[in-house]
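Participant: Would you mind keeping the following structure in view while I ask a few things?
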Amino acid sequence: AQKITQTQPGMFVQEKEAVTLDCTYDTSDPSYGLFWYKQPSSGEMIFLIYQGSYDQQNATEGRYSLNFQKARKSANLVISASQLGDSAMYFCAMRGQNSGYSTLTFGKGTMLLVSP
Amino acid sequence: DAGITQSPRHKVTETGTPVTLRCHQTENHRYMYWYRQDPGHGLRLIHYSYGVKDTDKGEVSDGYSVSRSKTEDFLLTLESATSSQTSVYFCAISESQGYGYTFGSGTRLTVV
């Protein structure tokens, strides 16, 4: 079975600083994908970034990057130069071969608060 | 411009009553999903569909049923609502296996 673990229930960061949100996963699949979603207080789920297990380079999307360490089974989200609008809940998720790649398994989330 | 809409957005219902939540998409995506979100649990999969009349159970399917008679609609039914089903329900769609999801705006259901 697939499992996603986000060990940080909450994180605090000052504006303009970088922050790392942790995500570890457990799977026996040789092929899988890792996702990060953002959920602001308004409630919608916003896709941020994707990393495939066979990708050689870490994924980047603007201020977001994914620190993918395959041997350690970690896929941490790095937000550079935090902004007040980054305050939100962040979810790590994975899809894998076990589910036919059809479904995503989510972690419990990390609440990020950015202070001025 | 939303390619996926959920209705209703909010609902309060009494214990023991049936409830149906609707998810409608205009993207012609094959895969549709229902998740529930609860504090401390993240998002948990209830049911999903991989085509018209093709559905499968997720992690927390007890007490829920689904139907998909058309590509664009995926219905989630609580046959007899219980207080433990008070939650925020998200529908999501995916173009294909291996793709990420696009989420609906969510339905906040309260069972009293």
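Just remember, in the structure tokens the first chain shown is A, the second B, etc., residues are 1-based per chain, and ligands are 1-based in the order shown.
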Taking only C-alpha atoms into account and nothing else, which residues of chain B lie no more than 8 Å away from chain A? Please answer as a list in words.
Facilitator: Tyr31, Gly40, His41, Gly42, Leu43, Arg44, Leu45, Ser96, Gln97, Gly98, Gly100, Tyr101, Thr102, Phe103, Gly104, Ser105 and Gly106 of chain B
Participant: Can you write just those residues out, C-alpha atoms, as a tab-separated table (two decimals), in the first residue's frame?
Facilitator:
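Contents of part.tsv, freshly written:
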chain	number	residue	atom	x	y	z
B	31	TYR	CA	-11.54	9.75	-14.47
B	40	GLY	CA	-6.11	15.63	10.81
B	41	HIS	CA	-6.86	13.22	7.99
B	42	GLY	CA	-6.07	15.09	4.83
B	43	LEU	CA	-8.04	13.92	1.81
B	44	ARG	CA	-9.30	10.37	1.70
B	45	LEU	CA	-10.67	8.65	-1.37
B	96	SER	CA	-5.85	10.00	-17.87
B	97	GLN	CA	-3.96	7.66	-15.65
B	98	GLY	CA	-0.84	9.25	-14.36
B	100	GLY	CA	-2.83	15.00	-11.60
B	101	TYR	CA	-6.26	16.17	-10.62
B	102	THR	CA	-8.36	19.23	-11.15
B	103	PHE	CA	-10.56	19.76	-8.13
B	104	GLY	CA	-14.02	21.15	-7.70
B	105	SER	CA	-14.70	23.84	-5.13
B	106	GLY	CA	-15.96	21.39	-2.55
Participant: Quick one: residues within 8 Å of Thr20 of chain A, only C-alpha atoms counted, chain neighbours fewer than 2 positions away excluded, as number ranges by chain?
Facilitator: A: 18, 22, 76-79
Participant: Which residues, written as number ranges by chain, have at least one atom at most 7 Å from segment 19-30 of chain B, with only C-alpha atoms counted and residues fewer than 2 positions away on the same chain left out?
Facilitator: B: 3-8, 17, 32, 50-51, 71-79, 81, 91, 93-96
Participant: Atom CA of Lys73 of chain A and atom CA of Gln37 of chain B, how far apart in Å?
Facilitator: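 Calculated distance between atom CA of Gln37 of chain B and atom CA of Lys73 of chain A is 24.9 Å.
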Participant: To one decimal in Å, tell me the separation between atom CA of Asp38 of chain B and atom CA of Thr27 of chain A.
Facilitator: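 It comes out at 23.9 Å.
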Participant: Name the residues of chain A that come out as helix (DSSP H, G or I) in a backbone DSSP run; write them as JSON, numbers by chain.
Facilitator: {"A": [84, 85, 86, 97, 98, 99]}
Participant: How about saving the chosen residues, all heavy atoms kept, as a short mmCIF file (atom, residue, chain, number, x, y, z; two decimals), in the first residue's frame?
Facilitator:
data_model
loop_
_atom_site.label_atom_id
_atom_site.label_comp_id
_atom_site.auth_asym_id
_atom_site.auth_seq_id
_atom_site.Cartn_x
_atom_site.Cartn_y
_atom_site.Cartn_z
N LEU A 84 3.07 36.61 1.65
CA LEU A 84 1.93 36.47 2.55
C LEU A 84 0.87 35.56 1.95
O LEU A 84 0.19 34.80 2.66
CB LEU A 84 1.34 37.85 2.86
CG LEU A 84 2.25 38.81 3.62
CD1 LEU A 84 1.56 40.15 3.84
CD2 LEU A 84 2.69 38.23 4.96
N GLY A 85 0.72 35.61 0.65
CA GLY A 85 -0.26 34.77 -0.03
C GLY A 85 0.07 33.29 -0.03
O GLY A 85 -0.74 32.47 -0.47
N ASP A 86 1.25 32.94 0.43
CA ASP A 86 1.62 31.53 0.54
C ASP A 86 1.04 30.88 1.77
O ASP A 86 1.11 29.65 1.92
CB ASP A 86 3.15 31.37 0.57
CG ASP A 86 3.81 31.78 -0.74
OD1 ASP A 86 3.16 31.69 -1.79
OD2 ASP A 86 4.99 32.21 -0.69
N GLN A 97 1.83 2.53 -9.23
CA GLN A 97 1.43 1.39 -10.05
C GLN A 97 0.39 0.53 -9.35
O GLN A 97 -0.47 -0.05 -9.98
CB GLN A 97 2.68 0.58 -10.37
CG GLN A 97 2.54 -0.33 -11.56
CD GLN A 97 3.90 -0.89 -11.98
OE1 GLN A 97 4.92 -0.64 -11.33
NE2 GLN A 97 3.91 -1.64 -13.04
N ASN A 98 0.48 0.46 -8.01
CA ASN A 98 -0.46 -0.37 -7.25
C ASN A 98 -1.90 0.00 -7.51
O ASN A 98 -2.79 -0.84 -7.50
CB ASN A 98 -0.16 -0.23 -5.74
CG ASN A 98 0.87 -1.24 -5.30
OD1 ASN A 98 1.22 -2.15 -6.04
ND2 ASN A 98 1.36 -1.10 -4.09
N SER A 99 -2.13 1.29 -7.71
CA SER A 99 -3.50 1.74 -7.97
C SER A 99 -3.75 1.90 -9.45
O SER A 99 -4.73 2.52 -9.86
CB SER A 99 -3.75 3.08 -7.26
OG SER A 99 -2.97 4.10 -7.87
#
Participant: Could you check which of B:Thr15, B:Gly63, B:Ala92, B:Gln85 is closest to Tyr35 of chain B, using only C-alpha atoms?
Facilitator: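 Residue with the minimum atom-to-atom distance to Tyr35 of chain B: B:Ala92.
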Participant: Quick check for you: according to DSSP on this backbone, which residues of segment 10-71 of chain B are classed as strand (DSSP E or B)? Reply as a PyMOL selection string.
Facilitator: chain B and resi 10-13+19-25+31-38+42-51+54-57+64-70
Participant: Could you turn the residues from that selection into a file that holds C-alpha atoms, as a PDB file, in the first residue's frame?
Facilitator:
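After the write, again-v6.pdb holds the following:
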ATOM      1  CA  HIS B  10     -23.320  23.771   1.319  1.00  0.00           C
ATOM      2  CA  LYS B  11     -25.892  21.437   2.799  1.00  0.00           C
ATOM      3  CA  VAL B  12     -27.264  20.733   6.234  1.00  0.00           C
ATOM      4  CA  THR B  13     -29.221  17.534   6.599  1.00  0.00           C
ATOM      5  CA  VAL B  19     -28.186  12.906   0.452  1.00  0.00           C
ATOM      6  CA  THR B  20     -26.845  13.154  -3.085  1.00  0.00           C
ATOM      7  CA  LEU B  21     -23.937  15.334  -4.094  1.00  0.00           C
ATOM      8  CA  ARG B  22     -23.343  16.088  -7.739  1.00  0.00           C
ATOM      9  CA  CYS B  23     -20.133  16.610  -9.650  1.00  0.00           C
ATOM     10  CA  HIS B  24     -20.357  17.928 -13.207  1.00  0.00           C
ATOM     11  CA  GLN B  25     -17.466  18.343 -15.618  1.00  0.00           C
ATOM     12  CA  TYR B  31     -11.535   9.748 -14.467  1.00  0.00           C
ATOM     13  CA  MET B  32     -13.640  11.251 -11.714  1.00  0.00           C
ATOM     14  CA  TYR B  33     -13.152  11.009  -7.962  1.00  0.00           C
ATOM     15  CA  TRP B  34     -14.852  11.751  -4.684  1.00  0.00           C
ATOM     16  CA  TYR B  35     -12.731  12.573  -1.636  1.00  0.00           C
ATOM     17  CA  ARG B  36     -13.621  13.726   1.819  1.00  0.00           C
ATOM     18  CA  GLN B  37     -11.486  16.132   3.817  1.00  0.00           C
ATOM     19  CA  ASP B  38     -11.434  16.067   7.594  1.00  0.00           C
ATOM     20  CA  GLY B  42      -6.069  15.085   4.834  1.00  0.00           C
ATOM     21  CA  LEU B  43      -8.042  13.922   1.813  1.00  0.00           C
ATOM     22  CA  ARG B  44      -9.298  10.372   1.704  1.00  0.00           C
ATOM     23  CA  LEU B  45     -10.671   8.645  -1.365  1.00  0.00           C
ATOM     24  CA  ILE B  46     -14.293   7.514  -1.185  1.00  0.00           C
ATOM     25  CA  HIS B  47     -14.999   6.228  -4.691  1.00  0.00           C
ATOM     26  CA  TYR B  48     -13.752   6.850  -8.158  1.00  0.00           C
ATOM     27  CA  SER B  49     -14.817   6.226 -11.721  1.00  0.00           C
ATOM     28  CA  TYR B  50     -12.755   5.301 -14.733  1.00  0.00           C
ATOM     29  CA  GLY B  51     -15.577   5.515 -17.234  1.00  0.00           C
ATOM     30  CA  ASP B  54     -17.252   1.906 -14.202  1.00  0.00           C
ATOM     31  CA  THR B  55     -16.576   2.686 -10.574  1.00  0.00           C
ATOM     32  CA  ASP B  56     -14.435   1.386  -7.766  1.00  0.00           C
ATOM     33  CA  LYS B  57     -14.162   1.803  -4.030  1.00  0.00           C
ATOM     34  CA  TYR B  64     -21.427   5.810   0.332  1.00  0.00           C
ATOM     35  CA  SER B  65     -22.484   4.835  -3.157  1.00  0.00           C
ATOM     36  CA  VAL B  66     -21.781   6.414  -6.516  1.00  0.00           C
ATOM     37  CA  SER B  67     -23.164   6.428 -10.006  1.00  0.00           C
ATOM     38  CA  ARG B  68     -21.883   7.600 -13.331  1.00  0.00           C
ATOM     39  CA  SER B  69     -24.421   7.314 -16.127  1.00  0.00           C
ATOM     40  CA  LYS B  70     -22.837  10.027 -18.272  1.00  0.00           C
TER      41      LYS B  70
END
Participant: Quick one: residues within 10 Å of Pro116 of chain A, only C-alpha atoms counted, chain neighbours fewer than 3 positions away excluded, as a list in words?
Facilitator: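 Non-adjacent residues within range: Val13, Gln14, Glu15, Lys16, Ser82, Gln83 and Leu84 of chain A.
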Participant: Any idea what the distance is between atom CA of Gln56 of chain A and atom CA of Leu112 of chain A?
Facilitator: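 Between these atoms lies a distance of 28.4 Å.
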